[in-house]
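Peer 1: Take a look at the following structure, please.
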Amino acid sequence: MGLLDSFEKGLERAVNSAFAKSFRSGIQPVEIAAALRSELDAKAAVVSRDRILAPNTFEVRMSPADAERMLGLGSALDSELHTLVDAHAKAQGFSFAGPVTIALAGDPTLSTGTLRVASQTAAGQVAWRGVVEIAGASHTLAKGRTVIGRGSDADITIPDAGTSRRHVEILWDGERAMVRDLGSTNGTQVNGTKITEAPLPPDSVVTIGRTDIVFRVIAQAAPPRPTTSAADATRAFGIGGPA
């Protein structure tokens with residue numbers, strides 16, 4: 001089952017009777033989903049090796065009648081659209097420079113059944129922030145070398161008796177990371193494989209003792225501003241248009 005099929009079924013469950021009735025004319029929620037997916041694919045840009053930045057702010061315009069029907073679905077539609085954008089970005093390997101926002105608006109210049117999506121992202125210097133997640137808490141890698149262990153002299157201290165005082169270190173240069181075992185008693189694993197030293201791709205899991213450490217790379221940019229004009233950023237879709 002495709003992503004849009006899953007989306008439509010999830011939305012149908014979420015809004016129950018509101019979506020169970022058929023829309024005889026005008027925009028349907030799954031068409032908004034398809035338009036957002038197409039916009040992500042069209043505007044994603046390679047900014048670094050293995051890093052693709054996608055727009056994170058979307059404005060979906062449609063006829064006032066269509067907008068009234070869609071806004072009537074309430075938070076269920078908003079939640080499902082955000083879920084779809086996040087899932088599609090993850091599947092394609094896209095990163096966002098900030099939180100995703102999706103706004104629906106009526107436009108009297110558009111006829112029933114037609115929608116337009118305008119998107120923007122941050123421009124300028126894109127920075128990549130290394131983060132490790134441990135027991136639900138996030139720790140930014142603020143230095144080139146971060147030591148993790150149970151000792152108070154470690155940069156990140158974890159309450160795990162199965163780890164050494166200075167168990168492992170993560171090296172981060174702003175784009176790439178490595179992990180190195182510091183002669184620990186119980187060793188270090190990356191994605192289930194015991195290592196002494198190894199590259200650390202994004203979303204890797206480092207295991208020391210009974211603790212899992214997830215390494216993430218997050219895009220950030222400053223100052224945020226549109227990369228193109230609103231006219232250039234607009235893509236038009238109609239019923240039966242591109243999916």
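Residue numbers start at 1 in each chain; chains themselves are named A, B, ... in the order of the structure tokens; ligands are numbered from 1 in the order shown.
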Extract the full set of helix (DSSP H, G or I) residues from region 67-141 of chain A according to DSSP on the backbone, and format it as a ChimeraX atom specification.

Peer 2: /A:67-71,75-92

Peer 1: May I have the residues within 12 Å of region 133-136 of chain A as a list of chain:residue names, using only C-alpha atoms and disregarding those fewer than 4 positions away in the same chain?

Peer 2: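 Listed by chain and then number, they are A:Thr140, A:Leu141, A:Ile148, A:Gly149, A:Ile156, A:Thr157, A:Ile158, A:Pro159, A:Asp160, A:Pro202, A:Asp203, A:Ser204, A:Val205, A:Val206, A:Thr207, A:Ile208, A:Arg210, A:Thr211, A:Asp212, A:Ile213, A:Val214, A:Phe215, A:Arg216, A:Val217.
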
Peer 1: Grab the residues selected above and save them as a compact mmCIF listing (two decimals), in the first residue's frame with N, CA, C and O atoms.

Peer 2:
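Generated file (again_28.txt):
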```
# COMPACT_ATOMS: atom_id res chain seq x y z
N THR A 140 23.59 18.29 22.50
CA THR A 140 24.29 18.81 21.33
C THR A 140 25.79 18.58 21.46
O THR A 140 26.37 18.77 22.54
N LEU A 141 26.41 18.16 20.37
CA LEU A 141 27.86 17.97 20.36
C LEU A 141 28.50 19.33 20.12
O LEU A 141 28.74 19.74 18.98
N ILE A 148 31.80 10.28 26.69
CA ILE A 148 30.59 9.79 27.35
C ILE A 148 30.96 8.62 28.27
O ILE A 148 31.72 7.73 27.87
N GLY A 149 30.44 8.63 29.47
CA GLY A 149 30.70 7.55 30.42
C GLY A 149 30.01 7.83 31.74
O GLY A 149 29.27 8.80 31.88
N ILE A 156 29.42 13.94 28.96
CA ILE A 156 28.04 13.50 29.18
C ILE A 156 28.11 12.30 30.12
O ILE A 156 28.69 11.27 29.79
N THR A 157 27.52 12.46 31.31
CA THR A 157 27.56 11.41 32.33
C THR A 157 26.28 10.61 32.30
O THR A 157 25.17 11.18 32.26
N ILE A 158 26.40 9.27 32.28
CA ILE A 158 25.22 8.41 32.25
C ILE A 158 25.25 7.48 33.47
O ILE A 158 26.30 6.96 33.83
N PRO A 159 24.10 7.25 34.10
CA PRO A 159 24.04 6.41 35.30
C PRO A 159 23.91 4.93 34.97
O PRO A 159 22.90 4.29 35.24
N ASP A 160 24.95 4.38 34.36
CA ASP A 160 24.92 2.98 33.93
C ASP A 160 26.17 2.30 34.48
O ASP A 160 27.29 2.57 34.03
N PRO A 202 24.58 9.30 10.33
CA PRO A 202 23.37 9.75 11.03
C PRO A 202 22.42 8.59 11.32
O PRO A 202 22.31 7.65 10.54
N ASP A 203 21.79 8.65 12.48
CA ASP A 203 20.81 7.67 12.96
C ASP A 203 21.45 6.36 13.41
O ASP A 203 20.74 5.38 13.64
N SER A 204 22.77 6.34 13.55
CA SER A 204 23.44 5.16 14.09
C SER A 204 23.16 5.04 15.59
O SER A 204 22.92 6.04 16.27
N VAL A 205 23.20 3.81 16.09
CA VAL A 205 22.99 3.55 17.52
C VAL A 205 24.28 3.00 18.12
O VAL A 205 24.77 1.95 17.71
N VAL A 206 24.83 3.74 19.07
CA VAL A 206 26.02 3.32 19.79
C VAL A 206 25.54 2.72 21.12
O VAL A 206 24.80 3.36 21.87
N THR A 207 25.97 1.50 21.41
CA THR A 207 25.56 0.82 22.64
C THR A 207 26.76 0.66 23.55
O THR A 207 27.78 0.09 23.16
N ILE A 208 26.64 1.20 24.77
CA ILE A 208 27.66 1.00 25.79
C ILE A 208 26.94 0.53 27.06
O ILE A 208 25.97 1.14 27.49
N ARG A 210 24.29 -0.93 29.16
CA ARG A 210 22.87 -1.11 28.84
C ARG A 210 22.26 0.14 28.23
O ARG A 210 21.04 0.29 28.18
N THR A 211 23.10 1.04 27.76
CA THR A 211 22.65 2.34 27.26
C THR A 211 22.80 2.44 25.76
O THR A 211 23.88 2.15 25.21
N ASP A 212 21.73 2.86 25.08
CA ASP A 212 21.77 3.14 23.65
C ASP A 212 21.92 4.64 23.44
O ASP A 212 21.19 5.45 24.04
N ILE A 213 22.83 5.01 22.56
CA ILE A 213 23.09 6.41 22.22
C ILE A 213 22.81 6.57 20.73
O ILE A 213 23.47 5.94 19.90
N VAL A 214 21.80 7.36 20.39
CA VAL A 214 21.43 7.56 18.98
C VAL A 214 22.06 8.86 18.49
O VAL A 214 21.88 9.92 19.10
N PHE A 215 22.80 8.77 17.40
CA PHE A 215 23.45 9.95 16.82
C PHE A 215 22.57 10.53 15.72
O PHE A 215 22.15 9.83 14.81
N ARG A 216 22.29 11.83 15.81
CA ARG A 216 21.48 12.53 14.81
C ARG A 216 22.26 13.70 14.22
O ARG A 216 23.13 14.26 14.87
N VAL A 217 21.90 14.07 12.99
CA VAL A 217 22.41 15.29 12.36
C VAL A 217 21.22 16.14 11.98
O VAL A 217 20.32 15.68 11.27
```

Peer 1: With only C-alpha atoms as the basis for distance, which of A:Thr112, A:Asp86, A:Ser119, A:Thr57 is at the shortest distance from Ala42 (chain A)?

Peer 2: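 Ranking A:Thr112, A:Asp86, A:Ser119, A:Thr57 by distance to Ala42 (chain A), first place goes to A:Ser119.
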
Peer 1: Can you list, as a count of residues only, every residue of region 63-214 of chain A that DSSP puts in strand (DSSP E or B)?

Peer 2: 63

Peer 1: When you look at Gly106 (chain A) with a cut-off of 8 Å (counting only C-alpha atoms), what residues show up, excluding the ones that are within fewer than 3 positions of it in the same chain? I need them as a ChimeraX atom specification.

Peer 2: /A:61-68

Peer 1: Considering only C-alpha atoms, can you say which of A:Ala154, A:Leu81, A:Leu200, A:Val132 comes closest to Leu182 (chain A)?

Peer 2: A:Ala154

Peer 1: Hey, what's within 7 Å of region 194-199 of chain A if we count only C-alpha atoms and toss same-chain stuff fewer than 4 positions away? As a PyMOL selection string, please?

Peer 2: chain A and resi 177-181+188-190

Peer 1: Would you mind exporting the chosen residues as a PDB file, in the first residue's frame, restricted to all heavy atoms?

Peer 2:
```pdb
ATOM      1  N   ALA A 177      31.123  12.353  11.581  1.00  0.00           N
ATOM      2  CA  ALA A 177      31.371  11.934  12.965  1.00  0.00           C
ATOM      3  C   ALA A 177      32.059  10.581  12.993  1.00  0.00           C
ATOM      4  O   ALA A 177      31.914   9.764  12.077  1.00  0.00           O
ATOM      5  CB  ALA A 177      30.056  11.864  13.741  1.00  0.00           C
ATOM      6  N   MET A 178      32.817  10.366  14.054  1.00  0.00           N
ATOM      7  CA  MET A 178      33.423   9.071  14.331  1.00  0.00           C
ATOM      8  C   MET A 178      33.201   8.752  15.803  1.00  0.00           C
ATOM      9  O   MET A 178      33.030   9.655  16.633  1.00  0.00           O
ATOM     10  CB  MET A 178      34.933   9.079  14.048  1.00  0.00           C
ATOM     11  CG  MET A 178      35.295   9.121  12.579  1.00  0.00           C
ATOM     12  SD  MET A 178      37.070   8.845  12.331  1.00  0.00           S
ATOM     13  CE  MET A 178      37.233   7.156  12.932  1.00  0.00           C
ATOM     14  N   VAL A 179      33.200   7.462  16.128  1.00  0.00           N
ATOM     15  CA  VAL A 179      33.096   7.030  17.516  1.00  0.00           C
ATOM     16  C   VAL A 179      34.314   6.175  17.839  1.00  0.00           C
ATOM     17  O   VAL A 179      34.788   5.397  17.001  1.00  0.00           O
ATOM     18  CB  VAL A 179      31.776   6.254  17.762  1.00  0.00           C
ATOM     19  CG1 VAL A 179      31.690   5.020  16.871  1.00  0.00           C
ATOM     20  CG2 VAL A 179      31.645   5.871  19.222  1.00  0.00           C
ATOM     21  N   ARG A 180      34.838   6.342  19.066  1.00  0.00           N
ATOM     22  CA  ARG A 180      36.056   5.620  19.447  1.00  0.00           C
ATOM     23  C   ARG A 180      35.901   5.101  20.875  1.00  0.00           C
ATOM     24  O   ARG A 180      35.563   5.861  21.792  1.00  0.00           O
ATOM     25  CB  ARG A 180      37.256   6.550  19.347  1.00  0.00           C
ATOM     26  CG  ARG A 180      38.592   5.930  19.734  1.00  0.00           C
ATOM     27  CD  ARG A 180      39.699   6.957  19.616  1.00  0.00           C
ATOM     28  NE  ARG A 180      39.869   7.398  18.236  1.00  0.00           N
ATOM     29  CZ  ARG A 180      40.294   8.613  17.883  1.00  0.00           C
ATOM     30  NH1 ARG A 180      40.579   9.514  18.811  1.00  0.00           N
ATOM     31  NH2 ARG A 180      40.438   8.917  16.620  1.00  0.00           N
ATOM     32  N   ASP A 181      36.140   3.803  21.053  1.00  0.00           N
ATOM     33  CA  ASP A 181      36.132   3.220  22.387  1.00  0.00           C
ATOM     34  C   ASP A 181      37.410   3.644  23.117  1.00  0.00           C
ATOM     35  O   ASP A 181      38.497   3.640  22.530  1.00  0.00           O
ATOM     36  CB  ASP A 181      36.069   1.695  22.295  1.00  0.00           C
ATOM     37  CG  ASP A 181      35.930   1.036  23.654  1.00  0.00           C
ATOM     38  OD1 ASP A 181      34.792   0.874  24.127  1.00  0.00           O
ATOM     39  OD2 ASP A 181      36.982   0.707  24.238  1.00  0.00           O
ATOM     40  N   THR A 188      32.267  -1.429  23.097  1.00  0.00           N
ATOM     41  CA  THR A 188      31.320  -0.514  22.444  1.00  0.00           C
ATOM     42  C   THR A 188      30.808  -1.169  21.168  1.00  0.00           C
ATOM     43  O   THR A 188      31.576  -1.788  20.426  1.00  0.00           O
ATOM     44  CB  THR A 188      32.009   0.820  22.095  1.00  0.00           C
ATOM     45  OG1 THR A 188      32.454   1.445  23.303  1.00  0.00           O
ATOM     46  CG2 THR A 188      31.063   1.754  21.365  1.00  0.00           C
ATOM     47  N   GLN A 189      29.510  -0.990  20.906  1.00  0.00           N
ATOM     48  CA  GLN A 189      28.911  -1.501  19.672  1.00  0.00           C
ATOM     49  C   GLN A 189      28.283  -0.350  18.887  1.00  0.00           C
ATOM     50  O   GLN A 189      27.750   0.595  19.472  1.00  0.00           O
ATOM     51  CB  GLN A 189      27.841  -2.542  19.972  1.00  0.00           C
ATOM     52  CG  GLN A 189      28.357  -3.806  20.620  1.00  0.00           C
ATOM     53  CD  GLN A 189      27.265  -4.837  20.814  1.00  0.00           C
ATOM     54  OE1 GLN A 189      26.105  -4.616  20.483  1.00  0.00           O
ATOM     55  NE2 GLN A 189      27.623  -5.991  21.380  1.00  0.00           N
ATOM     56  N   VAL A 190      28.346  -0.467  17.556  1.00  0.00           N
ATOM     57  CA  VAL A 190      27.639   0.453  16.658  1.00  0.00           C
ATOM     58  C   VAL A 190      26.703  -0.370  15.800  1.00  0.00           C
ATOM     59  O   VAL A 190      27.149  -1.248  15.057  1.00  0.00           O
ATOM     60  CB  VAL A 190      28.607   1.258  15.773  1.00  0.00           C
ATOM     61  CG1 VAL A 190      27.822   2.113  14.765  1.00  0.00           C
ATOM     62  CG2 VAL A 190      29.500   2.151  16.631  1.00  0.00           C
TER      63      VAL A 190
END
```

Peer 1: Near Lys90 (chain A), counting only C-alpha atoms, which residues have an atom at most 12 Å away, once you skip same-chain residues fewer than 3 positions from it, shown as a list in words?

Peer 2: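 Final neighbour list, sorted by chain and number: Arg37, Leu40, Arg51, Ile52, Leu53, Ala54, Thr83, Leu84, Val85, Asp86, Ala87, Gly93, Phe94, Ser95, Phe96 and Asp203 of chain A.
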
Peer 1: With N, CA and C atoms retained, export the selected residues as an mmCIF file, in the first residue's frame.

Peer 2:
```
data_model
loop_
_atom_site.group_PDB
_atom_site.id
_atom_site.type_symbol
_atom_site.label_atom_id
_atom_site.label_comp_id
_atom_site.auth_asym_id
_atom_site.auth_seq_id
_atom_site.Cartn_x
_atom_site.Cartn_y
_atom_site.Cartn_z
ATOM 1 N N ARG A 37 3.546 16.446 -1.286
ATOM 2 C CA ARG A 37 4.608 15.507 -1.620
ATOM 3 C C ARG A 37 5.355 15.943 -2.875
ATOM 4 N N LEU A 40 7.618 18.932 -2.083
ATOM 5 C CA LEU A 40 8.844 18.510 -1.412
ATOM 6 C C LEU A 40 9.863 17.987 -2.419
ATOM 7 N N ARG A 51 23.373 15.250 2.095
ATOM 8 C CA ARG A 51 22.443 16.099 2.832
ATOM 9 C C ARG A 51 21.553 16.833 1.839
ATOM 10 N N ILE A 52 20.263 16.666 1.970
ATOM 11 C CA ILE A 52 19.295 17.290 1.058
ATOM 12 C C ILE A 52 18.329 18.109 1.892
ATOM 13 N N LEU A 53 18.261 19.416 1.622
ATOM 14 C CA LEU A 53 17.409 20.320 2.383
ATOM 15 C C LEU A 53 16.098 20.537 1.634
ATOM 16 N N ALA A 54 14.983 20.346 2.320
ATOM 17 C CA ALA A 54 13.659 20.485 1.717
ATOM 18 C C ALA A 54 12.933 21.677 2.348
ATOM 19 N N THR A 83 2.059 14.534 9.419
ATOM 20 C CA THR A 83 2.583 13.172 9.462
ATOM 21 C C THR A 83 3.072 12.733 8.093
ATOM 22 N N LEU A 84 2.299 13.054 7.055
ATOM 23 C CA LEU A 84 2.690 12.663 5.707
ATOM 24 C C LEU A 84 3.962 13.370 5.269
ATOM 25 N N VAL A 85 4.059 14.685 5.525
ATOM 26 C CA VAL A 85 5.257 15.432 5.135
ATOM 27 C C VAL A 85 6.489 14.864 5.837
ATOM 28 N N ASP A 86 6.371 14.602 7.129
ATOM 29 C CA ASP A 86 7.501 14.044 7.881
ATOM 30 C C ASP A 86 7.894 12.664 7.347
ATOM 31 N N ALA A 87 6.896 11.823 7.069
ATOM 32 C CA ALA A 87 7.176 10.467 6.590
ATOM 33 C C ALA A 87 7.815 10.495 5.206
ATOM 34 N N GLY A 93 15.103 10.938 2.524
ATOM 35 C CA GLY A 93 16.370 11.407 3.066
ATOM 36 C C GLY A 93 16.484 12.914 3.114
ATOM 37 N N PHE A 94 15.333 13.628 3.175
ATOM 38 C CA PHE A 94 15.336 15.087 3.232
ATOM 39 C C PHE A 94 15.518 15.559 4.671
ATOM 40 N N SER A 95 16.124 16.743 4.822
ATOM 41 C CA SER A 95 16.233 17.410 6.120
ATOM 42 C C SER A 95 15.495 18.735 6.069
ATOM 43 N N PHE A 96 15.044 19.204 7.230
ATOM 44 C CA PHE A 96 14.388 20.505 7.333
ATOM 45 C C PHE A 96 15.264 21.462 8.121
ATOM 46 N N ASP A 203 21.787 8.647 12.481
ATOM 47 C CA ASP A 203 20.807 7.672 12.959
ATOM 48 C C ASP A 203 21.445 6.355 13.412
#
```

Peer 1: For a quick check of understanding, using only C-alpha atoms, which of A:Arg129, A:Glu31, A:Leu73, A:Ala45 has the smallest distance to Ile218 (chain A)?

Peer 2: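 Ranking A:Arg129, A:Glu31, A:Leu73, A:Ala45 by distance to Ile218 (chain A), first place goes to A:Arg129.
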